[in-house]
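Q: Before anything else, here's the structure in question.
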Amino acid sequence: MELLQNAAPNTCFILGLQNFPERVELQDMKTVVIINSKGGSGKSTLAANLAANYALKGRNPAILDLDPQGSSMRWLQNRPDDLPVIHGIAGYEKKSTVTRSWQLQPPEGTDPLIVDTPAGLERTGLAATSRGADAILIPVMPSDIDIHAAVNCISELLLTTKSDMTQKRIGIIANRVRANTRVYGRLERFLRSLDIPLVATFRDSQNYTRSAELGIGISEMPLWQVRKDMGAWKELLSWLDSTLYDSRNVRPLPSRLGVRAVPQMVAPTAS
Ligand SMILES: Nc1ncnc2c1ncn2[C@@H]1O[C@H](COP(=O)(O)OP(=O)(O)O)[C@@H](O)[C@H]1O
Ligand SMILES: [Mg+2]
């Protein structure tokens with residue numbers, strides 16, 4: 001395992017399983033990881049809109065895009081200059097001119113870091129990308145195939161940690177839901193049995209397509225246009241804020257290296 005020492009004093013990344021960067025938290029930056037092994041479930045849409053919401057609230061969010069498709073980076077490129085700045089890190093790029101640690105380094109003061117992940121992750125990839133996350137969001141579309149894939153994805157994720165604390169940090173988002181969709185029954189029963197919340201339901205809306213094209217978040221659009229979408233965002237942000245920023249809530253699992261609270265990074269032995 002390669003250690004990626006950062007320039008900033010309090011964070012560092014290590015290159016973990018399947019070469020995904022794993023964050024070792026040494027500063028007070030929260031990390032939200034968005035996963036679903038199924039492509040097209042809304043991961044990048046969620047990453048972009050979350051970042052826009054936190055930017056609007058005056059935080060300093062950054063997006064770490066691990067998907068070679070680069071949808072989050074494209075959204076950032078489309079973003080108008082007069083909107084709050086969101087830093088983007090193209091984690092999928094392998095640059096030879098800078099060290100990997102420098103490339104993955106969020107700017108000092110970043111909070112939260114939002115990690116957009118690629119489709120097709122299996123157990124080791126899920127473990128690597130979600131390790132050390134303060135919250136994990138899984139957007140799921142309402143088709144049988146998508147729900148089946150999500151159930152598998154959640155099961156794999158839980159198998160990698162087997163911890164009750166992990167469950168408390170996972171939130172499911174029903175995405176692209178049309179009125180009267182009933183196919184979520186099976187997913188809801190499954191989630192209930194695991195004590196994992198369905199934290200928000202996003203409707204199927206052209207607003208999200210527009211958001212992607214324009215580089216703006218739903219919450220940055222005129223209220224008359226997005227009024228029907230805002231309730232779901234309020235629910236998601238309320239769950240996320242209490243998961244990330246309420247100190248009474250469970251703390252995330254310590255990283256495998258066990259250096260979470262240690263101010264100086266000690267290089268791990270190569271594995
Ligand atoms: N709630 C929604 N309503 C309408 N379109 C959506 C919604 N969520 C996502 N989309 C669209 O679905 C497509 C796939 O979403 P994307 O976020 O790229 O998925 P992923 O990153 O999981 O592959 C994109 O074209 C996006 O604009
Ligand atoms: Mg994507």
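Ordered as shown in the structure tokens, chains take letters A, B, and onward, while each chain numbers its residues from 1 and ligands are numbered from 1 in the order shown.
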How would you report the residues lying within 8 Å of ligand 1, as a VMD selection string, if you count only C-alpha atoms and all ligand atoms?

A: chain A and resid 35 to 36 38 to 47 71 116 to 119 139 175 to 177 202 to 212

Q: Residues near Val115 of chain A, anyone? I mean within 8 Å using only C-alpha atoms, not counting same-chain ones fewer than 5 positions away, as a VMD selection string.

A: chain A and resid 31 to 34 47 63 to 66

Q: Now that the selection is made, can you save its residues with C-alpha atoms as a PDB file, in the first residue's frame?

A:
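Full text of result-v1.pdb as output:
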ATOM      1  CA  THR A  31     -16.348  13.152   3.868  1.00  0.00           C
ATOM      2  CA  VAL A  32     -19.515  12.075   2.073  1.00  0.00           C
ATOM      3  CA  VAL A  33     -19.065   9.145  -0.288  1.00  0.00           C
ATOM      4  CA  ILE A  34     -21.690   8.503  -2.953  1.00  0.00           C
ATOM      5  CA  ALA A  47     -22.584  14.893  -5.798  1.00  0.00           C
ATOM      6  CA  ILE A  63     -15.797  17.136  -5.126  1.00  0.00           C
ATOM      7  CA  LEU A  64     -13.344  14.276  -5.555  1.00  0.00           C
ATOM      8  CA  ASP A  65     -14.350  12.624  -8.830  1.00  0.00           C
ATOM      9  CA  LEU A  66     -13.115   9.029  -9.012  1.00  0.00           C
TER      10      LEU A  66
END

Q: Taking the chain letters and numbering used in this document, name the residues of segment 34-122 of chain A that DSSP puts in alpha helix (DSSP H), as a ChimeraX atom specification.

A: /A:43-56,71-78,100-104

Q: Of the candidates A:Leu76, A:Leu187, A:Val98, A:Met230, which one gets nearest to Ile145 of chain A if we count only C-alpha atoms?

A: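 Using only C-alpha atoms, Ile145 of chain A sits closest to A:Leu187.
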